[in-house]
$ cat entry-v2.cif   # mmCIF, C-alpha atoms and all ligand atoms
data_input
#
loop_
_atom_site.group_PDB
_atom_site.id
_atom_site.type_symbol
_atom_site.label_atom_id
_atom_site.label_comp_id
_atom_site.auth_asym_id
_atom_site.auth_seq_id
_atom_site.Cartn_x
_atom_site.Cartn_y
_atom_site.Cartn_z
ATOM 1 C CA MET F 260 -4.040 15.813 50.672
ATOM 2 C CA ILE F 261 -7.468 16.291 49.018
ATOM 3 C CA GLN F 262 -6.312 19.639 47.661
ATOM 4 C CA TYR F 263 -3.203 17.963 46.259
ATOM 5 C CA LEU F 264 -5.296 15.225 44.561
ATOM 6 C CA ASP F 265 -7.629 17.863 43.112
ATOM 7 C CA HIS F 266 -4.609 19.586 41.628
ATOM 8 C CA VAL F 267 -3.322 16.317 40.121
ATOM 9 C CA TYR F 268 -6.779 15.524 38.640
ATOM 10 C CA TYR F 269 -6.953 19.038 37.229
ATOM 11 C CA LEU F 270 -3.537 18.668 35.558
ATOM 12 C CA VAL F 271 -4.352 15.196 34.183
ATOM 13 C CA GLY F 272 -7.629 16.530 32.784
ATOM 14 C CA LYS F 273 -5.883 19.491 31.221
ATOM 15 C CA VAL F 274 -3.245 17.266 29.575
ATOM 16 C CA ALA F 275 -5.982 14.925 28.294
ATOM 17 C CA VAL F 276 -7.878 17.852 26.752
ATOM 18 C CA TRP F 277 -4.686 19.128 25.117
ATOM 19 C CA ILE F 278 -3.835 15.695 23.701
ATOM 20 C CA GLY F 279 -7.407 15.250 22.433
ATOM 21 C CA ALA F 280 -7.448 18.703 20.826
ATOM 22 C CA SER F 281 -4.016 18.139 19.239
ATOM 23 C CA LEU F 282 -5.069 14.763 17.782
ATOM 24 C CA LEU F 283 -8.260 16.291 16.429
ATOM 25 C CA LEU F 284 -6.334 19.156 14.855
ATOM 26 C CA LEU F 285 -3.792 16.731 13.344
ATOM 27 C CA SER F 286 -6.651 14.580 12.000
ATOM 28 C CA LEU F 287 -8.261 17.620 10.395
ATOM 29 C CA VAL F 288 -5.003 18.662 8.733
ATOM 30 C CA VAL F 289 -4.330 15.117 7.476
ATOM 31 C CA ALA F 290 -7.935 14.766 6.238
ATOM 32 C CA LEU F 291 -7.627 18.043 4.302
ATOM 33 C CA LEU F 292 -4.262 16.981 2.820
ATOM 34 C CA ILE F 293 -5.784 13.647 1.764
ATOM 35 C CA LEU F 294 -8.721 15.369 0.088
ATOM 36 C CA TYR F 295 -6.336 17.776 -1.595
ATOM 37 C CA SER F 296 -4.165 14.889 -2.870
ATOM 38 C CA PHE F 297 -7.213 12.963 -4.037
ATOM 39 C CA ARG F 298 -8.553 15.930 -6.020
ATOM 40 C CA THR F 299 -5.309 17.350 -7.415
ATOM 41 C CA LYS F 300 -3.259 14.118 -7.658
ATOM 42 C CA LYS F 301 -0.375 15.917 -5.970
ATOM 43 C CA PHE F 302 1.323 15.345 -2.634
ATOM 44 C CA TYR F 303 2.639 18.058 -0.374
ATOM 45 C CA PHE F 304 4.504 17.286 2.866
ATOM 46 C CA ALA F 305 4.341 13.588 1.862
ATOM 47 C CA ARG F 306 6.384 12.232 4.777
ATOM 48 C CA VAL F 307 4.607 14.408 7.337
ATOM 49 C CA MET F 308 1.331 13.253 5.853
ATOM 50 C CA LEU F 309 2.348 9.594 6.123
ATOM 51 C CA ILE F 310 3.423 9.957 9.761
ATOM 52 C CA GLY F 311 0.187 11.810 10.536
ATOM 53 C CA LEU F 312 -1.867 9.169 8.765
ATOM 54 C CA SER F 313 -0.113 6.381 10.675
ATOM 55 C CA LEU F 314 -0.885 8.133 13.966
ATOM 56 C CA VAL F 315 -4.492 9.151 13.430
ATOM 57 C CA GLU F 316 -5.845 6.999 10.600
ATOM 58 C CA ASN F 317 -8.965 5.930 12.493
ATOM 59 C CA LEU F 318 -9.747 9.505 13.523
ATOM 60 C CA VAL F 319 -9.299 10.677 9.920
ATOM 61 C CA LYS F 320 -11.689 7.939 8.745
ATOM 62 C CA ALA F 321 -14.157 8.998 11.435
ATOM 63 C CA LEU F 322 -14.002 12.583 10.119
ATOM 64 C CA PHE F 323 -14.679 11.317 6.587
ATOM 65 C CA TRP F 324 -17.586 9.297 7.937
ATOM 66 C CA LEU F 325 -18.978 12.331 9.799
ATOM 67 C CA ALA F 326 -18.696 14.404 6.605
ATOM 68 C CA ARG F 327 -20.508 11.573 4.724
ATOM 69 C CA ALA F 328 -17.466 11.159 2.475
ATOM 70 C CA ASP F 329 -16.202 7.755 1.313
ATOM 71 C CA ASP F 330 -13.510 6.726 3.808
ATOM 72 C CA ALA F 331 -12.037 4.327 1.190
ATOM 73 C CA ILE F 332 -10.358 7.497 -0.129
ATOM 74 C CA VAL F 333 -8.137 7.420 2.972
ATOM 75 C CA ASP F 334 -6.790 3.942 2.113
ATOM 76 C CA GLU F 335 -6.493 4.802 -1.566
ATOM 77 C CA VAL F 336 -4.469 7.948 -0.929
ATOM 78 C CA GLY F 337 -2.483 6.109 1.786
ATOM 79 C CA VAL F 338 -1.360 3.482 -0.761
ATOM 80 C CA SER F 339 -0.504 6.155 -3.359
ATOM 81 C CA LEU F 340 1.420 8.063 -0.705
ATOM 82 C CA ARG F 341 3.571 5.057 0.231
ATOM 83 C CA ASN F 342 4.174 4.310 -3.466
ATOM 84 C CA TYR F 343 5.200 7.908 -4.018
ATOM 85 C CA ILE F 344 7.649 7.821 -1.095
ATOM 86 C CA ASN F 345 9.063 4.365 -1.999
ATOM 87 C CA ARG F 346 9.506 4.788 -5.717
ATOM 88 C CA GLY F 347 12.957 6.458 -5.644
ATOM 89 C CA LYS F 348 14.523 3.646 -3.625
ATOM 90 C CA PHE F 349 12.575 1.023 -5.575
ATOM 91 C CA TYR F 350 13.916 2.117 -8.985
ATOM 92 C CA ARG F 351 17.447 2.465 -7.644
ATOM 93 C CA THR F 352 17.346 -1.253 -6.742
ATOM 94 C CA PRO F 353 18.824 -3.546 -9.447
ATOM 95 C CA VAL F 354 15.944 -5.177 -11.293
ATOM 96 C CA GLY F 355 17.364 -8.634 -10.576
ATOM 97 C CA SER F 356 16.693 -8.066 -6.874
ATOM 98 C CA ARG F 357 13.068 -6.999 -7.392
ATOM 99 C CA PHE F 358 10.229 -9.444 -6.794
ATOM 100 C CA ILE F 359 6.630 -9.341 -8.040
ATOM 101 C CA PHE F 360 3.751 -10.875 -6.090
ATOM 102 C CA MET F 361 0.648 -11.466 -8.202
ATOM 103 C CA PRO F 362 -2.525 -12.678 -6.444
ATOM 104 C CA GLN F 363 -3.919 -16.018 -7.624
ATOM 105 C CA CYS F 364 -7.430 -14.492 -8.012
ATOM 106 C CA VAL F 365 -6.326 -12.731 -11.246
ATOM 107 C CA ARG F 366 -5.943 -16.107 -12.980
ATOM 108 C CA SER F 367 -8.483 -17.623 -15.319
ATOM 109 C CA VAL F 368 -10.995 -19.849 -13.528
ATOM 110 C CA ASP F 369 -9.763 -22.623 -15.872
ATOM 111 C CA CYS F 370 -6.119 -22.150 -14.897
ATOM 112 C CA PRO F 371 -4.176 -25.410 -15.205
ATOM 113 C CA ALA F 372 -1.241 -24.205 -13.042
ATOM 114 C CA LYS F 373 -0.152 -26.380 -10.112
ATOM 115 C CA LEU F 374 0.568 -25.279 -6.571
ATOM 116 C CA THR F 375 4.239 -25.680 -5.600
ATOM 117 C CA PRO F 376 6.389 -24.466 -2.673
ATOM 118 C CA GLU F 377 7.368 -21.518 -4.954
ATOM 119 C CA GLY F 378 3.745 -20.486 -5.446
ATOM 120 C CA ILE F 379 1.313 -21.305 -8.237
ATOM 121 C CA MET F 380 3.417 -22.205 -11.278
ATOM 122 C CA CYS F 381 1.938 -20.365 -14.266
ATOM 123 C CA VAL F 382 2.603 -22.341 -17.465
ATOM 124 C CA GLU F 383 1.730 -19.376 -19.707
ATOM 125 C CA CYS F 384 -1.197 -21.214 -21.250
ATOM 126 C CA GLY F 385 -2.728 -17.975 -22.570
ATOM 127 C CA ARG F 386 -6.074 -18.289 -20.767
ATOM 128 C CA CYS F 387 -5.406 -15.092 -18.801
ATOM 129 C CA ASP F 388 -3.017 -12.125 -18.809
ATOM 130 C CA VAL F 389 -0.856 -13.441 -15.986
ATOM 131 C CA GLY F 390 1.262 -15.574 -18.314
ATOM 132 C CA ALA F 391 2.194 -12.611 -20.539
ATOM 133 C CA ALA F 392 2.923 -10.489 -17.460
ATOM 134 C CA LYS F 393 5.193 -13.204 -16.082
ATOM 135 C CA ARG F 394 7.080 -13.452 -19.370
ATOM 136 C CA VAL F 395 7.567 -9.675 -19.685
ATOM 137 C CA ALA F 396 8.578 -9.316 -16.031
ATOM 138 C CA GLU F 397 11.084 -12.175 -16.191
ATOM 139 C CA GLU F 398 12.548 -10.820 -19.445
ATOM 140 C CA GLN F 399 13.171 -7.555 -17.598
ATOM 141 C CA GLY F 400 14.885 -9.466 -14.772
ATOM 142 C CA TYR F 401 12.149 -9.521 -12.121
ATOM 143 C CA ARG F 402 11.295 -12.638 -10.124
ATOM 144 C CA PHE F 403 7.597 -13.326 -10.520
ATOM 145 C CA PHE F 404 5.403 -15.231 -8.066
ATOM 146 C CA VAL F 405 1.715 -16.101 -8.214
ATOM 147 C CA VAL F 406 0.680 -15.985 -4.569
ATOM 148 C CA PRO F 407 -1.548 -18.730 -3.156
ATOM 149 C CA GLY F 408 -2.077 -17.010 0.220
ATOM 150 C CA SER F 409 -0.823 -14.157 2.397
ATOM 151 C CA SER F 410 1.589 -16.280 4.500
ATOM 152 C CA PHE F 411 3.401 -17.202 1.255
ATOM 153 C CA ILE F 412 4.768 -13.656 0.873
ATOM 154 C CA LYS F 413 6.235 -13.654 4.385
ATOM 155 C CA ARG F 414 7.882 -17.020 3.703
ATOM 156 C CA ILE F 415 9.389 -15.875 0.386
ATOM 157 C CA ILE F 416 10.679 -12.642 1.968
ATOM 158 C CA ARG F 417 12.356 -14.683 4.717
ATOM 159 C CA LYS F 418 13.770 -17.184 2.214
ATOM 160 C CA TYR F 419 15.084 -14.903 -0.560
ATOM 161 C CA ARG F 420 15.397 -11.454 1.079
ATOM 162 C CA PRO F 421 14.223 -9.411 -1.957
ATOM 163 C CA LYS F 422 15.545 -5.844 -2.139
ATOM 164 C CA ALA F 423 12.370 -4.375 -3.684
ATOM 165 C CA ILE F 424 8.819 -5.610 -4.236
ATOM 166 C CA VAL F 425 5.844 -4.964 -6.509
ATOM 167 C CA GLY F 426 2.619 -6.238 -4.971
ATOM 168 C CA VAL F 427 -0.726 -6.569 -6.722
ATOM 169 C CA GLY F 428 -3.900 -6.930 -4.671
ATOM 170 C CA CYS F 429 -6.984 -5.271 -3.261
ATOM 171 C CA GLN F 430 -6.486 -2.009 -1.338
ATOM 172 C CA MET F 431 -6.481 -3.784 2.025
ATOM 173 C CA GLU F 432 -3.918 -6.417 0.943
ATOM 174 C CA ILE F 433 -1.681 -3.749 -0.532
ATOM 175 C CA LYS F 434 -1.928 -1.624 2.558
ATOM 176 C CA GLU F 435 -0.926 -4.577 4.761
ATOM 177 C CA GLY F 436 1.773 -5.614 2.270
ATOM 178 C CA LEU F 437 3.308 -2.138 2.165
ATOM 179 C CA THR F 438 3.368 -2.052 5.964
ATOM 180 C CA LEU F 439 5.008 -5.499 6.041
ATOM 181 C CA CYS F 440 7.657 -4.410 3.525
ATOM 182 C CA HIS F 441 8.268 -1.214 5.467
ATOM 183 C CA SER F 442 8.934 -3.313 8.587
ATOM 184 C CA HIS F 443 11.593 -5.242 6.570
ATOM 185 C CA ASP F 444 12.990 -1.994 5.121
ATOM 186 C CA ILE F 445 12.054 -3.125 1.592
ATOM 187 C CA PRO F 446 10.856 -0.416 -0.820
ATOM 188 C CA ALA F 447 7.571 -1.663 -2.258
ATOM 189 C CA LEU F 448 5.078 -0.441 -4.821
ATOM 190 C CA GLY F 449 1.449 -1.516 -4.737
ATOM 191 C CA VAL F 450 -0.753 -1.949 -7.797
ATOM 192 C CA PRO F 451 -4.408 -2.156 -6.725
ATOM 193 C CA LEU F 452 -6.805 -4.457 -8.540
ATOM 194 C CA SER F 453 -9.359 -2.576 -10.625
ATOM 195 C CA LYS F 454 -11.988 -5.163 -9.652
ATOM 196 C CA ALA F 455 -11.388 -6.981 -6.392
ATOM 197 C CA GLY F 456 -12.956 -10.222 -5.173
ATOM 198 C CA CYS F 457 -12.063 -13.871 -4.680
ATOM 199 C CA VAL F 458 -12.002 -15.041 -8.335
ATOM 200 C CA ALA F 459 -11.708 -13.504 -11.813
ATOM 201 C CA THR F 460 -10.440 -10.183 -10.495
ATOM 202 C CA THR F 461 -9.082 -7.610 -12.915
ATOM 203 C CA LEU F 462 -6.102 -5.363 -13.101
ATOM 204 C CA ASP F 463 -5.136 -2.295 -15.088
ATOM 205 C CA TRP F 464 -2.311 -4.066 -16.954
ATOM 206 C CA ASP F 465 -1.007 -0.811 -18.482
ATOM 207 C CA GLU F 466 -0.528 0.555 -14.985
ATOM 208 C CA PHE F 467 1.196 -2.690 -13.973
ATOM 209 C CA TYR F 468 3.643 -2.550 -16.903
ATOM 210 C CA ASP F 469 4.275 1.159 -16.254
ATOM 211 C CA VAL F 470 5.224 0.333 -12.666
ATOM 212 C CA LEU F 471 7.617 -2.398 -13.835
ATOM 213 C CA SER F 472 9.388 -0.172 -16.327
ATOM 214 C CA GLY F 473 9.193 3.022 -14.268
ATOM 215 C CA ALA F 474 7.270 4.722 -17.072
ATOM 216 C CA GLY F 475 4.473 5.800 -14.720
ATOM 217 C CA ASN F 476 5.180 7.450 -11.425
ATOM 218 C CA GLY F 477 4.357 4.235 -9.570
ATOM 219 C CA SER F 478 1.932 5.865 -7.161
ATOM 220 C CA GLY F 479 -0.665 3.253 -8.062
ATOM 221 C CA ASN F 480 -3.861 4.817 -6.839
ATOM 222 C CA GLY F 481 -5.927 2.328 -8.809
ATOM 223 C CA ARG F 482 -8.062 4.927 -10.554
ATOM 224 C CA GLY F 483 -6.190 4.840 -13.821
ATOM 225 C CA SER F 484 -4.535 8.138 -13.006
ATOM 226 C CA ASN F 485 -1.554 8.481 -10.791
ATOM 227 C CA VAL F 486 -0.908 10.930 -8.029
ATOM 228 C CA ALA F 487 2.021 13.077 -9.025
ATOM 229 C CA GLY F 488 4.535 14.794 -6.876
ATOM 230 C CA PRO F 489 4.718 18.567 -6.525
HETATM 231 S S1 LIG V 1 -1.687 -17.944 -18.142
HETATM 232 FE FE1 LIG V 1 -0.827 -18.859 -16.275
HETATM 233 S S2 LIG V 1 -2.090 -18.055 -14.600
HETATM 234 FE FE2 LIG V 1 -3.221 -17.688 -16.520
HETATM 235 S S3 LIG V 1 -4.545 -19.480 -16.717
HETATM 236 FE FE3 LIG V 1 -2.674 -19.960 -17.845
HETATM 237 S S4 LIG V 1 -1.331 -21.012 -16.387
HETATM 238 FE FE4 LIG V 1 -2.983 -20.011 -15.219
#
$ encode --input "entry-v2.cif" --output "structure tokens" --more "lines below"
Ligand code: SF4
Amino acid sequence: MIQYLDHVYYLVGKVAVWIGASLLLLSLVVALLILYSFRTKKFYFARVMLIGLSLVENLVKALFWLARADDAIVDEVGVSLRNYINRGKFYRTPVGSRFIFMPQCVRSVDCPAKLTPEGIMCVECGRCDVGAAKRVAEEQGYRFFVVPGSSFIKRIIRKYRPKAIVGVGCQMEIKEGLTLCHSHDIPALGVPLSKAGCVATTLDWDEFYDVLSGAGNGSGNGRGSNVAGP
């Protein structure tokens, strides 16, 4: 019996070592692909990379931390990667079925807009760039929402079932938003804020308009330069 248990413990230990080594190897490969994408602005094996990143994101960040590299790169490339993968389906969706979610923090601090069940109702007063963005987006056929809080997006998705989404926000909000959209099978593109925070945040509006029209590649890495495909 003891010999049998020893054998079982030995096998369990061996399997654990193999799993650990495999995860470490996968993390190393994903970390190298992320660094490569960050430097060259190109993606190779994009879907494999995304699956790998979903599986071992924390380990990859730990490797960045050990190498004294900025682990924010992992989130940044992760967002660009999802944008890159989603953009084909996004632009094939009729523009009338595409929604835009703009965070309320981009507004002027003197914004006169009122909160309604459909979000913060921008009256295009000209005190910030949101009004012009709303006008341009609606002229193109998009539905445009200024978001008062994160639960609002879930409610609007449930209510109107958009077929594609553009989300503006900080890296973390975009990352969570892209995951949420993926769970609803909605192709989404994220446009990261160029200066995050709670009020008076800023956005690269050229990048935003490029994403709307499809003029850019929609990868939205938030550094003013987009990651291109191979
Ligand atoms: S343009 Fe719209 S969002 Fe900006 S301050 Fe005026 S009402 Fe508010």
$ atom_distance --input "entry-v2.cif" --atom1 "atom CA of Lys348 of chain F" --atom2 "atom CA of Pro407 of chain F"
27.6 Å
$ closest_residue --input "entry-v2.cif" --among "F:Val389, F:Leu452, F:Cys440, F:Ile415" --to "ligand LIG 1 (chain V)" --atoms "all atoms listed in the file"
F:Val389
$ resolve_selection --input "entry-v2.cif" --expression "the PyMOL selection byres (((not hetatm)) within 9 of (chain V and resi 1))" --output "JSON, numbers by chain"
{"F": [363, 365, 366, 367, 368, 369, 370, 371, 372, 373, 379, 380, 381, 382, 383, 384, 385, 386, 387, 388, 389, 390, 391, 392, 393, 405]}
$ residues_around --input "entry-v2.cif" --residues "Glu335 of chain F" --least-positions-apart "3" --cutoff "7 Å" --atoms "all atoms listed in the file" --output "list of chain:residue names"
F:Ala331, F:Ile332, F:Val338, F:Ser339, F:Gln430, F:Asn480
$ resolve_selection --input "entry-v2.cif" --expression "the PyMOL selection byres (((chain F and resi 433) around 12) and not hetatm)" --output "PyMOL selection string"
chain F and resi 334-335+337-339+341-342+360-362+409+412+424-432+434-441+447-452+455+479-481
$ closest_residue --input "entry-v2.cif" --among "F:Ala328, F:Pro376, F:Leu284, F:Pro353" --to "Ser410 of chain F" --atoms "all atoms listed in the file"
F:Pro376
$ resolve_selection --input "entry-v2.cif" --expression "the PyMOL selection byres (((chain F and resi 402) around 7) and not hetatm)" --output "list in words"
Arg357, Phe358, Ile359, Glu397, Gly400, Tyr401, Phe403 and Phe404 of chain F
$ build_atoms --input "entry-v2.cif" --residues "segment 458-476 of chain F" --atoms "N, CA, C and O atoms" --output "PDB file, in the frame of the given file"
ATOM      1  N   VAL F 458     -12.396 -14.434  -7.053  1.00  0.00           N
ATOM      2  CA  VAL F 458     -12.002 -15.041  -8.335  1.00  0.00           C
ATOM      3  C   VAL F 458     -12.230 -14.034  -9.466  1.00  0.00           C
ATOM      4  O   VAL F 458     -13.001 -13.088  -9.324  1.00  0.00           O
ATOM      5  N   ALA F 459     -11.545 -14.309 -10.591  1.00  0.00           N
ATOM      6  CA  ALA F 459     -11.708 -13.504 -11.813  1.00  0.00           C
ATOM      7  C   ALA F 459     -11.630 -12.004 -11.530  1.00  0.00           C
ATOM      8  O   ALA F 459     -12.445 -11.221 -12.012  1.00  0.00           O
ATOM      9  N   THR F 460     -10.656 -11.610 -10.749  1.00  0.00           N
ATOM     10  CA  THR F 460     -10.440 -10.183 -10.495  1.00  0.00           C
ATOM     11  C   THR F 460      -9.735  -9.576 -11.701  1.00  0.00           C
ATOM     12  O   THR F 460      -9.217 -10.303 -12.549  1.00  0.00           O
ATOM     13  N   THR F 461      -9.730  -8.248 -11.764  1.00  0.00           N
ATOM     14  CA  THR F 461      -9.082  -7.610 -12.915  1.00  0.00           C
ATOM     15  C   THR F 461      -8.074  -6.562 -12.461  1.00  0.00           C
ATOM     16  O   THR F 461      -8.115  -6.087 -11.325  1.00  0.00           O
ATOM     17  N   LEU F 462      -7.234  -6.237 -13.398  1.00  0.00           N
ATOM     18  CA  LEU F 462      -6.102  -5.363 -13.101  1.00  0.00           C
ATOM     19  C   LEU F 462      -5.906  -4.421 -14.283  1.00  0.00           C
ATOM     20  O   LEU F 462      -6.131  -4.812 -15.425  1.00  0.00           O
ATOM     21  N   ASP F 463      -5.501  -3.204 -14.008  1.00  0.00           N
ATOM     22  CA  ASP F 463      -5.136  -2.295 -15.088  1.00  0.00           C
ATOM     23  C   ASP F 463      -3.712  -2.686 -15.520  1.00  0.00           C
ATOM     24  O   ASP F 463      -2.730  -2.270 -14.899  1.00  0.00           O
ATOM     25  N   TRP F 464      -3.622  -3.515 -16.565  1.00  0.00           N
ATOM     26  CA  TRP F 464      -2.311  -4.066 -16.954  1.00  0.00           C
ATOM     27  C   TRP F 464      -1.368  -2.975 -17.436  1.00  0.00           C
ATOM     28  O   TRP F 464      -0.152  -3.087 -17.263  1.00  0.00           O
ATOM     29  N   ASP F 465      -1.888  -1.900 -18.047  1.00  0.00           N
ATOM     30  CA  ASP F 465      -1.007  -0.811 -18.482  1.00  0.00           C
ATOM     31  C   ASP F 465      -0.315  -0.193 -17.268  1.00  0.00           C
ATOM     32  O   ASP F 465       0.884   0.099 -17.288  1.00  0.00           O
ATOM     33  N   GLU F 466      -1.095  -0.009 -16.209  1.00  0.00           N
ATOM     34  CA  GLU F 466      -0.528   0.555 -14.985  1.00  0.00           C
ATOM     35  C   GLU F 466       0.540  -0.395 -14.433  1.00  0.00           C
ATOM     36  O   GLU F 466       1.617   0.038 -14.009  1.00  0.00           O
ATOM     37  N   PHE F 467       0.240  -1.684 -14.467  1.00  0.00           N
ATOM     38  CA  PHE F 467       1.196  -2.690 -13.973  1.00  0.00           C
ATOM     39  C   PHE F 467       2.515  -2.616 -14.757  1.00  0.00           C
ATOM     40  O   PHE F 467       3.595  -2.550 -14.172  1.00  0.00           O
ATOM     41  N   TYR F 468       2.419  -2.591 -16.091  1.00  0.00           N
ATOM     42  CA  TYR F 468       3.643  -2.550 -16.903  1.00  0.00           C
ATOM     43  C   TYR F 468       4.385  -1.218 -16.719  1.00  0.00           C
ATOM     44  O   TYR F 468       5.613  -1.176 -16.757  1.00  0.00           O
ATOM     45  N   ASP F 469       3.629  -0.142 -16.518  1.00  0.00           N
ATOM     46  CA  ASP F 469       4.275   1.159 -16.254  1.00  0.00           C
ATOM     47  C   ASP F 469       5.084   1.100 -14.955  1.00  0.00           C
ATOM     48  O   ASP F 469       6.187   1.643 -14.861  1.00  0.00           O
ATOM     49  N   VAL F 470       4.519   0.447 -13.950  1.00  0.00           N
ATOM     50  CA  VAL F 470       5.224   0.333 -12.666  1.00  0.00           C
ATOM     51  C   VAL F 470       6.510  -0.479 -12.849  1.00  0.00           C
ATOM     52  O   VAL F 470       7.571  -0.110 -12.339  1.00  0.00           O
ATOM     53  N   LEU F 471       6.424  -1.560 -13.610  1.00  0.00           N
ATOM     54  CA  LEU F 471       7.617  -2.398 -13.835  1.00  0.00           C
ATOM     55  C   LEU F 471       8.733  -1.609 -14.511  1.00  0.00           C
ATOM     56  O   LEU F 471       9.896  -1.687 -14.128  1.00  0.00           O
ATOM     57  N   SER F 472       8.359  -0.855 -15.529  1.00  0.00           N
ATOM     58  CA  SER F 472       9.388  -0.172 -16.327  1.00  0.00           C
ATOM     59  C   SER F 472       9.772   1.184 -15.748  1.00  0.00           C
ATOM     60  O   SER F 472      10.770   1.760 -16.142  1.00  0.00           O
ATOM     61  N   GLY F 473       8.924   1.692 -14.821  1.00  0.00           N
ATOM     62  CA  GLY F 473       9.193   3.022 -14.268  1.00  0.00           C
ATOM     63  C   GLY F 473       8.641   4.113 -15.158  1.00  0.00           C
ATOM     64  O   GLY F 473       8.922   5.291 -14.953  1.00  0.00           O
ATOM     65  N   ALA F 474       7.818   3.724 -16.149  1.00  0.00           N
ATOM     66  CA  ALA F 474       7.270   4.722 -17.072  1.00  0.00           C
ATOM     67  C   ALA F 474       6.231   5.599 -16.379  1.00  0.00           C
ATOM     68  O   ALA F 474       6.160   6.796 -16.614  1.00  0.00           O
ATOM     69  N   GLY F 475       5.425   4.996 -15.488  1.00  0.00           N
ATOM     70  CA  GLY F 475       4.473   5.800 -14.720  1.00  0.00           C
ATOM     71  C   GLY F 475       5.206   6.344 -13.518  1.00  0.00           C
ATOM     72  O   GLY F 475       6.417   6.199 -13.413  1.00  0.00           O
ATOM     73  N   ASN F 476       4.480   6.972 -12.620  1.00  0.00           N
ATOM     74  CA  ASN F 476       5.180   7.450 -11.425  1.00  0.00           C
ATOM     75  C   ASN F 476       5.066   6.465 -10.282  1.00  0.00           C
ATOM     76  O   ASN F 476       5.547   6.716  -9.199  1.00  0.00           O
TER      77      ASN F 476
END
